[in-house]
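First up is the structure itself, then whatever we jot down about it.
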Amino acid sequence: MANAMQTVGIAFFLNGREVAANVTPGQTALQLLRGQFGLTGTKEGCNEGDCGACTVAIGRWDGGGREFRYRAHTSCLVPAARLHGTHVITIEGLGIPENLHPIQRAFLDSHATQCGFCTPGFIMSLFCLYARNPDPSRAQIGEALEGNLCRCTGYESIFRAAASIAGVAGQILPPYHEPVAQALAGFDRRLSFAEAPLPQGAEPMDYHRPETLERLFDLLWRIGDCERYRIIAGGTDVVVDANVKRLRFRHLVDIAGIPGLSEIRGTDRGVSVGALATLTDVTEHRLVSAKLPLLRAVVSRMASLQVRNSGTLAGNLATASPIGDAATAALALDATLVLATKMGERRVPAGSFFKGYRRTELCAHELITAIEFPEQDGPWDFRKSAKRGAVDISSVCTAMTARLDGSKVAAIRIACGGAAATPVLLAGAAAAVLGRELAPAAIEQAAQAAAAEVAPIDDVRGSRQFRSALVRNHVVEHLSKLL
Ligand SMILES: Cc1cc2nc3c(=O)[nH]c(=O)nc-3n(C[C@H](O)[C@H](O)[C@H](O)COP(=O)(O)OP(=O)(O)OC[C@H]3O[C@@H](n4cnc5c(N)ncnc54)[C@H](O)[C@@H]3O)c2cc1C
Ligand code: FES
Ligand code: FES
């Protein structure tokens, strides 16, 4: 049909009932919930994952179908098509004014809301926390709420409300939870596609969700021109580009349906993280905690819990952002990226992957399928300087891994983000201490070498001089840990 656009037929559970919708490829879950379903309790604030006002709970079977788990997501960053086969709970699904949910009641009793704009988001984040953990610590409550901003109430009363929920934790899950979870166990995951008239001025976009790597590669070869499609994994960069920069692509290629890519597994040398493993999967996995404490520390400081619940490690590396935190970890840990095309696989060390400002070693139609990390076996350190403790990208972030032979430095890698066009290894700083006894003079030499080998820019996150000073100071702090 001329002037037609594709629509994607999805079915999911929304609060207590099963619903169906025809969504467009570029539509977000937030637009669907507020527009088609009239659930305006889910608020639209920034539309780029920063404020948390649009937070909803998305439930699905996790861990190979072992556990039904609700996770908090910023619905402004979730493609609506991704809701297929999930259970979405919004603020309306928890309680109504005549019959408040215990978390809503706690907010009221603790005076934890004023204008109320942020409140649904806070409550949905706490719902996901308490649904799994009936007795969280203050630190865990803080982590659950790090992606929710409030401009007028003040966080102390919100923390008070959150802490008071522990006493009623048994009443957190709504009565419809169990039947919905059972219904989703055998849900038909296939999407249906149709066409609708293209609104005036709109550009057509097709959504693809290949179910195998072979089908993905065939599709990409068929589309041909790399400029015509965009791969989407977690979507936390792609959807921001669409919402804020208004970028449009003829084809959106969703790789979330390809099995096997979410796996985190042990290897002969360490740990392999699949391309679809989310940042949360990385922080929660026991192999990462046991064998890659640096990676865990870096990823835990990225974004907010809501964003980590969607975003992937591979997606962070693929963007080649000069301030991508995961790149710093990959460089310091000497990770290897597994890249695949229709023709086969190749392995590229992280040190050769970043080619220039937002340019990588990835060729046309090539996918990162996994990132392989050797197990850590020595001291390490990570420093992130940013304006805020959470939900803030780095002014400068640096990571170090080292091996000591007595008091001499037998091996060392220091990686730095935020101070050059790409994340870089500070080779000069490492050379200044390699094979030497660590002493204040050697540390000073390394710090000066580090400041000399970076080329930071001036921007809102810091001037060139400030960033150089940060790099220098980070290196002093890293190396002082080895004394
Ligand atoms: C509020 C907010 C805060 C953030 N804070 C931080 C932060 O503190 N530190 C930080 O480093 N980042 C931060 N980010 C950035 C973001 O979360 C990461 O870059 C994320 O890890 C990207 O992964 P994704 O799966 O969402 O990628 P997507 O958005 O799906 O994709 C990003 C790009 O990578 C490509 N891509 C994805 N997967 C693959 C693959 N397997 N192979 C090849 N190409 C691929 C896509 O085509 C696209 O071009 C933040 C983002 C938001 C919205
Ligand atoms: S509207 Fe701000 S995070 Fe979604
Ligand atoms: S209550 Fe007004 S923004 Fe939080």
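Ligands are numbered from 1 in the order shown, residues from 1 within each chain, and chains are lettered A, B, ... in the order they appear in the structure tokens.
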
Surroundings of ligand 3 up to 6 Å, based on only C-alpha atoms and all ligand atoms, as a PyMOL selection string: chain A and resi 113-119+150-153

Could you turn the residues from that selection into a file that holds N, CA, C and O atoms, as a PDB file, in the first residue's frame?
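Result went into again-v7.pdb, see below:
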ATOM      1  N   THR A 113       4.987  13.393  49.728  1.00  0.00           N
ATOM      2  CA  THR A 113       4.600  13.926  48.414  1.00  0.00           C
ATOM      3  C   THR A 113       4.034  15.334  48.576  1.00  0.00           C
ATOM      4  O   THR A 113       3.358  15.622  49.560  1.00  0.00           O
ATOM      5  N   GLN A 114       4.382  16.187  47.601  1.00  0.00           N
ATOM      6  CA  GLN A 114       3.781  17.526  47.599  1.00  0.00           C
ATOM      7  C   GLN A 114       3.045  17.741  46.279  1.00  0.00           C
ATOM      8  O   GLN A 114       1.866  17.465  46.183  1.00  0.00           O
ATOM      9  N   CYS A 115       3.767  18.152  45.216  1.00  0.00           N
ATOM     10  CA  CYS A 115       3.040  18.352  43.948  1.00  0.00           C
ATOM     11  C   CYS A 115       2.600  17.003  43.375  1.00  0.00           C
ATOM     12  O   CYS A 115       1.643  16.923  42.620  1.00  0.00           O
ATOM     13  N   GLY A 116       3.319  15.943  43.710  1.00  0.00           N
ATOM     14  CA  GLY A 116       2.900  14.597  43.318  1.00  0.00           C
ATOM     15  C   GLY A 116       3.377  14.143  41.951  1.00  0.00           C
ATOM     16  O   GLY A 116       3.150  12.999  41.560  1.00  0.00           O
ATOM     17  N   PHE A 117       4.070  15.016  41.208  1.00  0.00           N
ATOM     18  CA  PHE A 117       4.454  14.649  39.836  1.00  0.00           C
ATOM     19  C   PHE A 117       5.414  13.464  39.831  1.00  0.00           C
ATOM     20  O   PHE A 117       5.308  12.568  39.003  1.00  0.00           O
ATOM     21  N   CYS A 118       6.333  13.454  40.775  1.00  0.00           N
ATOM     22  CA  CYS A 118       7.337  12.378  40.793  1.00  0.00           C
ATOM     23  C   CYS A 118       6.833  11.133  41.512  1.00  0.00           C
ATOM     24  O   CYS A 118       7.426  10.063  41.399  1.00  0.00           O
ATOM     25  N   THR A 119       5.757  11.270  42.291  1.00  0.00           N
ATOM     26  CA  THR A 119       5.366  10.226  43.245  1.00  0.00           C
ATOM     27  C   THR A 119       5.060   8.867  42.603  1.00  0.00           C
ATOM     28  O   THR A 119       5.529   7.842  43.105  1.00  0.00           O
ATOM     29  N   CYS A 150      12.996  14.164  42.722  1.00  0.00           N
ATOM     30  CA  CYS A 150      11.883  14.930  43.282  1.00  0.00           C
ATOM     31  C   CYS A 150      12.355  16.362  43.470  1.00  0.00           C
ATOM     32  O   CYS A 150      13.412  16.600  44.035  1.00  0.00           O
ATOM     33  N   ARG A 151      11.553  17.299  42.985  1.00  0.00           N
ATOM     34  CA  ARG A 151      11.983  18.695  43.081  1.00  0.00           C
ATOM     35  C   ARG A 151      11.437  19.382  44.314  1.00  0.00           C
ATOM     36  O   ARG A 151      11.880  20.448  44.673  1.00  0.00           O
ATOM     37  N   CYS A 152      10.404  18.833  44.959  1.00  0.00           N
ATOM     38  CA  CYS A 152       9.786  19.666  45.994  1.00  0.00           C
ATOM     39  C   CYS A 152       9.595  19.019  47.359  1.00  0.00           C
ATOM     40  O   CYS A 152       9.419  19.748  48.337  1.00  0.00           O
ATOM     41  N   THR A 153       9.635  17.714  47.489  1.00  0.00           N
ATOM     42  CA  THR A 153       9.321  17.161  48.807  1.00  0.00           C
ATOM     43  C   THR A 153      10.542  17.083  49.720  1.00  0.00           C
ATOM     44  O   THR A 153      10.455  17.344  50.906  1.00  0.00           O
TER      45      THR A 153
END

Selection within 7 Å of ligand 1 by only C-alpha atoms and all ligand atoms, output as a ChimeraX atom specification: /A:48-50,230-240,275-276,279,301-304,307-308,310-316,318-319,323-326,366-369,391-394

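The contact shell of ligand 2, defined as all polymer residues within 6 Å when only C-alpha atoms and all ligand atoms are used, comprises Glu44, Gly45, Cys46, Asn47, Glu48, Gly49, Asp50, Cys51, Gly52, Ala53, Cys54, Thr74, Ser75 and Cys76 of chain A.
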
All residues 9 Å or closer to Ile443 in chain A, only C-alpha atoms, same chain fewer than 3 positions away omitted, as a VMD selection string: chain A and resid 429 432 to 433 438 to 440 446 to 448 475 to 476 479 to 480

Interatomic distance (Å, one decimal) between CA of Ala332 in chain A and CA of Cys416 in chain A: 8.7 Å

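Distances here use only C-alpha atoms; by that measure, the residue among A:Val56, A:Leu434, A:Ile255, A:Leu470 closest to Ala451 in chain A is A:Leu470.
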
For Arg160 in chain A, the nearest of the candidates A:Arg250, A:Arg436, A:His365, A:His111, counting only C-alpha atoms: A:His111

Ile412 in chain A surroundings by only C-alpha atoms, 10 Å radius, close-in-sequence under 5 positions cut, as a CSV table (one decimal) with all heavy atoms, in the first residue's frame:
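Result file follows (selection_1.csv):
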chain,number,residue,atom,x,y,z
A,332,ALA,N,40.8,-1.6,31.0
A,332,ALA,CA,41.7,-2.0,32.1
A,332,ALA,C,41.8,-3.5,32.3
A,332,ALA,O,42.8,-4.0,32.8
A,332,ALA,CB,41.2,-1.2,33.4
A,333,LEU,N,40.7,-4.1,32.0
A,333,LEU,CA,40.6,-5.6,32.2
A,333,LEU,C,41.1,-6.4,31.0
A,333,LEU,O,41.1,-7.6,31.0
A,333,LEU,CB,39.2,-6.0,32.5
A,333,LEU,CG,38.7,-5.6,33.9
A,333,LEU,CD1,37.2,-5.7,34.0
A,333,LEU,CD2,39.3,-6.4,35.0
A,378,GLY,N,44.7,-9.4,40.7
A,378,GLY,CA,45.6,-8.5,41.4
A,378,GLY,C,44.8,-7.3,41.9
A,378,GLY,O,43.6,-7.3,41.8
A,379,PRO,N,45.5,-6.3,42.5
A,379,PRO,CA,44.8,-5.1,42.9
A,379,PRO,C,44.2,-4.3,41.8
A,379,PRO,O,44.6,-4.4,40.7
A,379,PRO,CB,45.9,-4.3,43.6
A,379,PRO,CG,47.2,-5.0,43.3
A,379,PRO,CD,47.0,-6.3,42.7
A,380,TRP,N,43.1,-3.6,42.1
A,380,TRP,CA,42.4,-2.8,41.1
A,380,TRP,C,41.8,-1.6,41.8
A,380,TRP,O,41.7,-1.5,43.1
A,380,TRP,CB,41.3,-3.6,40.5
A,380,TRP,CG,40.3,-4.1,41.5
A,380,TRP,CD1,40.4,-5.2,42.2
A,380,TRP,CD2,39.1,-3.5,41.9
A,380,TRP,NE1,39.3,-5.4,43.0
A,380,TRP,CE2,38.4,-4.3,42.8
A,380,TRP,CE3,38.4,-2.3,41.5
A,380,TRP,CZ2,37.2,-3.9,43.4
A,380,TRP,CZ3,37.2,-1.9,42.1
A,380,TRP,CH2,36.6,-2.8,43.0
A,400,MET,N,42.0,1.0,37.1
A,400,MET,CA,43.4,0.4,37.0
A,400,MET,C,43.3,-1.1,37.4
A,400,MET,O,42.6,-1.5,38.4
A,400,MET,CB,44.3,1.1,38.1
A,400,MET,CG,45.7,0.5,38.2
A,400,MET,SD,46.5,1.0,39.8
A,400,MET,CE,45.5,0.1,41.0
A,401,THR,N,44.1,-1.9,36.8
A,401,THR,CA,44.4,-3.3,37.2
A,401,THR,C,45.9,-3.4,37.3
A,401,THR,O,46.6,-2.8,36.5
A,401,THR,CB,43.8,-4.4,36.3
A,401,THR,OG1,44.3,-4.2,35.0
A,401,THR,CG2,42.3,-4.4,36.3
A,402,ALA,N,46.4,-4.2,38.3
A,402,ALA,CA,47.8,-4.3,38.4
A,402,ALA,C,48.2,-5.7,39.0
A,402,ALA,O,47.3,-6.4,39.5
A,402,ALA,CB,48.3,-3.2,39.3
A,403,ARG,N,49.4,-6.0,38.8
A,403,ARG,CA,50.0,-7.2,39.5
A,403,ARG,C,51.3,-6.8,40.1
A,403,ARG,O,52.1,-6.2,39.4
A,403,ARG,CB,50.2,-8.4,38.4
A,403,ARG,CG,50.3,-9.7,39.1
A,403,ARG,CD,49.9,-10.8,38.1
A,403,ARG,NE,50.3,-10.6,36.7
A,403,ARG,CZ,51.6,-10.7,36.3
A,403,ARG,NH1,52.5,-11.1,37.1
A,403,ARG,NH2,51.9,-10.5,35.0
A,404,LEU,N,51.5,-7.2,41.3
A,404,LEU,CA,52.7,-6.8,42.0
A,404,LEU,C,53.6,-8.1,42.2
A,404,LEU,O,53.2,-9.2,42.4
A,404,LEU,CB,52.4,-6.3,43.4
A,404,LEU,CG,51.6,-5.0,43.4
A,404,LEU,CD1,51.3,-4.6,44.9
A,404,LEU,CD2,52.3,-3.9,42.7
A,427,ALA,N,49.2,4.7,28.5
A,427,ALA,CA,50.4,3.9,28.3
A,427,ALA,C,51.6,4.6,29.0
A,427,ALA,O,52.5,3.9,29.6
A,427,ALA,CB,50.7,3.7,26.8
A,429,ALA,N,51.7,6.6,31.6
A,429,ALA,CA,51.6,6.5,33.1
A,429,ALA,C,52.0,5.1,33.5
A,429,ALA,O,52.7,4.9,34.5
A,429,ALA,CB,50.2,6.8,33.5
A,430,ALA,N,51.5,4.1,32.7
A,430,ALA,CA,51.9,2.7,33.1
A,430,ALA,C,53.4,2.5,33.0
A,430,ALA,O,54.0,1.9,33.9
A,430,ALA,CB,51.1,1.7,32.2
A,431,ALA,N,53.9,3.0,31.9
A,431,ALA,CA,55.4,2.8,31.7
A,431,ALA,C,56.2,3.4,32.8
A,431,ALA,O,57.3,2.9,33.1
A,431,ALA,CB,55.8,3.4,30.3
A,433,VAL,N,55.8,3.4,35.9
A,433,VAL,CA,55.9,2.6,37.1
A,433,VAL,C,56.2,1.2,36.9
A,433,VAL,O,56.5,0.4,37.8
A,433,VAL,CB,54.6,2.8,38.0
A,433,VAL,CG1,54.4,4.2,38.6
A,433,VAL,CG2,53.3,2.4,37.2
A,434,LEU,N,56.0,0.7,35.6
A,434,LEU,CA,56.2,-0.7,35.3
A,434,LEU,C,57.6,-1.2,35.7
A,434,LEU,O,58.6,-0.5,35.3
A,434,LEU,CB,55.9,-1.0,33.9
A,434,LEU,CG,55.9,-2.5,33.5
A,434,LEU,CD1,54.8,-3.2,34.2
A,434,LEU,CD2,55.8,-2.6,32.0
A,435,GLY,N,57.7,-2.3,36.4
A,435,GLY,CA,59.1,-2.8,36.8
A,435,GLY,C,59.7,-2.1,37.9
A,435,GLY,O,60.9,-2.4,38.3
A,479,LEU,N,47.5,4.6,42.2
A,479,LEU,CA,48.8,4.0,42.5
A,479,LEU,C,49.1,4.0,44.0
A,479,LEU,O,49.8,3.1,44.5
A,479,LEU,CB,49.9,4.8,41.7
A,479,LEU,CG,49.8,4.7,40.2
A,479,LEU,CD1,50.8,5.6,39.5
A,479,LEU,CD2,50.0,3.3,39.7

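Between CA of His208 in chain A and CA of Val180 in chain A lies a distance of 26.9 Å.
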
Residue neighbourhood Gly93 in chain A, 9 Å, only C-alpha atoms, exclusion window fewer than 2 positions, as number ranges by chain: A: 14-16, 88-91, 95-96, 174

Resulting file, chosen residues, all heavy atoms, as a PDB file, in the first residue's frame:
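Writing the result to out-v7.pdb gives the following:
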ATOM      1  N   LEU A  14      -1.815  -5.738  31.363  1.00  0.00           N
ATOM      2  CA  LEU A  14      -1.681  -4.378  31.877  1.00  0.00           C
ATOM      3  C   LEU A  14      -2.468  -4.320  33.182  1.00  0.00           C
ATOM      4  O   LEU A  14      -3.697  -4.459  33.175  1.00  0.00           O
ATOM      5  CB  LEU A  14      -2.224  -3.376  30.851  1.00  0.00           C
ATOM      6  CG  LEU A  14      -2.188  -1.905  31.239  1.00  0.00           C
ATOM      7  CD1 LEU A  14      -0.788  -1.455  31.639  1.00  0.00           C
ATOM      8  CD2 LEU A  14      -2.691  -1.040  30.079  1.00  0.00           C
ATOM      9  N   ASN A  15      -1.754  -4.171  34.272  1.00  0.00           N
ATOM     10  CA  ASN A  15      -2.360  -4.279  35.593  1.00  0.00           C
ATOM     11  C   ASN A  15      -3.100  -5.627  35.657  1.00  0.00           C
ATOM     12  O   ASN A  15      -2.480  -6.638  35.412  1.00  0.00           O
ATOM     13  CB  ASN A  15      -3.201  -3.048  35.893  1.00  0.00           C
ATOM     14  CG  ASN A  15      -2.298  -1.787  35.873  1.00  0.00           C
ATOM     15  OD1 ASN A  15      -1.151  -1.858  36.321  1.00  0.00           O
ATOM     16  ND2 ASN A  15      -2.791  -0.694  35.353  1.00  0.00           N
ATOM     17  N   GLY A  16      -4.403  -5.648  35.879  1.00  0.00           N
ATOM     18  CA  GLY A  16      -5.050  -6.951  36.065  1.00  0.00           C
ATOM     19  C   GLY A  16      -5.650  -7.591  34.828  1.00  0.00           C
ATOM     20  O   GLY A  16      -6.292  -8.632  34.914  1.00  0.00           O
ATOM     21  N   VAL A  88       2.783  -5.441  32.674  1.00  0.00           N
ATOM     22  CA  VAL A  88       3.096  -4.055  33.019  1.00  0.00           C
ATOM     23  C   VAL A  88       2.204  -3.637  34.178  1.00  0.00           C
ATOM     24  O   VAL A  88       0.978  -3.799  34.118  1.00  0.00           O
ATOM     25  CB  VAL A  88       2.847  -3.122  31.812  1.00  0.00           C
ATOM     26  CG1 VAL A  88       3.144  -1.671  32.187  1.00  0.00           C
ATOM     27  CG2 VAL A  88       3.695  -3.549  30.625  1.00  0.00           C
ATOM     28  N   ILE A  89       2.825  -3.122  35.225  1.00  0.00           N
ATOM     29  CA  ILE A  89       2.031  -2.563  36.332  1.00  0.00           C
ATOM     30  C   ILE A  89       2.322  -1.073  36.405  1.00  0.00           C
ATOM     31  O   ILE A  89       3.481  -0.646  36.454  1.00  0.00           O
ATOM     32  CB  ILE A  89       2.353  -3.241  37.681  1.00  0.00           C
ATOM     33  CG1 ILE A  89       2.119  -4.761  37.584  1.00  0.00           C
ATOM     34  CG2 ILE A  89       1.474  -2.659  38.786  1.00  0.00           C
ATOM     35  CD1 ILE A  89       2.331  -5.510  38.895  1.00  0.00           C
ATOM     36  N   THR A  90       1.253  -0.290  36.365  1.00  0.00           N
ATOM     37  CA  THR A  90       1.381   1.166  36.515  1.00  0.00           C
ATOM     38  C   THR A  90       0.802   1.541  37.877  1.00  0.00           C
ATOM     39  O   THR A  90       0.202   0.704  38.568  1.00  0.00           O
ATOM     40  CB  THR A  90       0.587   1.908  35.418  1.00  0.00           C
ATOM     41  OG1 THR A  90      -0.814   1.640  35.624  1.00  0.00           O
ATOM     42  CG2 THR A  90       0.991   1.440  34.021  1.00  0.00           C
ATOM     43  N   ILE A  91       0.927   2.796  38.215  1.00  0.00           N
ATOM     44  CA  ILE A  91       0.447   3.264  39.524  1.00  0.00           C
ATOM     45  C   ILE A  91      -1.047   2.952  39.702  1.00  0.00           C
ATOM     46  O   ILE A  91      -1.503   2.613  40.801  1.00  0.00           O
ATOM     47  CB  ILE A  91       0.745   4.780  39.696  1.00  0.00           C
ATOM     48  CG1 ILE A  91       0.527   5.226  41.130  1.00  0.00           C
ATOM     49  CG2 ILE A  91      -0.060   5.642  38.723  1.00  0.00           C
ATOM     50  CD1 ILE A  91       1.569   4.771  42.083  1.00  0.00           C
ATOM     51  N   GLY A  95      -3.232   0.798  43.451  1.00  0.00           N
ATOM     52  CA  GLY A  95      -4.326   1.152  44.363  1.00  0.00           C
ATOM     53  C   GLY A  95      -5.081   2.349  43.851  1.00  0.00           C
ATOM     54  O   GLY A  95      -4.600   3.076  42.985  1.00  0.00           O
ATOM     55  N   ILE A  96      -6.260   2.548  44.378  1.00  0.00           N
ATOM     56  CA  ILE A  96      -7.084   3.705  44.016  1.00  0.00           C
ATOM     57  C   ILE A  96      -7.304   4.511  45.298  1.00  0.00           C
ATOM     58  O   ILE A  96      -7.067   3.994  46.400  1.00  0.00           O
ATOM     59  CB  ILE A  96      -8.430   3.264  43.395  1.00  0.00           C
ATOM     60  CG1 ILE A  96      -9.120   2.230  44.317  1.00  0.00           C
ATOM     61  CG2 ILE A  96      -8.231   2.689  42.009  1.00  0.00           C
ATOM     62  CD1 ILE A  96     -10.537   1.900  43.895  1.00  0.00           C
ATOM     63  N   PRO A 174       0.128  -7.412  43.980  1.00  0.00           N
ATOM     64  CA  PRO A 174      -1.332  -7.316  43.820  1.00  0.00           C
ATOM     65  C   PRO A 174      -1.946  -8.708  43.623  1.00  0.00           C
ATOM     66  O   PRO A 174      -1.257  -9.646  43.198  1.00  0.00           O
ATOM     67  CB  PRO A 174      -1.494  -6.458  42.561  1.00  0.00           C
ATOM     68  CG  PRO A 174      -0.195  -6.524  41.861  1.00  0.00           C
ATOM     69  CD  PRO A 174       0.870  -6.845  42.853  1.00  0.00           C
TER      70      PRO A 174
END

Polymer residues at most 10 Å from Gln31 in chain A, only C-alpha atoms, same-chain spacing of 2 or more positions, as a PyMOL selection string: chain A and resi 23+27-29+33-40+42+44+75-76+78-80

Residue nearest Ala410 in chain A among A:Ala166, A:Leu482, A:Ala350, A:Ala386 (counting only C-alpha atoms):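 Smallest distance to Ala410 in chain A is found for A:Leu482.
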
Residue set, range 24-220 of chain A restricted to helix (DSSP H, G or I), as number ranges by chain: A: 29-36, 75-77, 80-83, 91-93, 102-109, 119-132, 138-145, 155-171, 177-185, 213-220

Interatomic distance (Å, one decimal) between CA of Pro259 in chain A and CA of Thr86 in chain A: 17.0 Å

Nearest-residue call for Asn22 in chain A, choices A:Ala183, A:Ala450, A:Leu339, A:Ala194, using only C-alpha atoms: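 Of the candidates, the smallest distance to Asn22 in chain A is held by A:Ala194.
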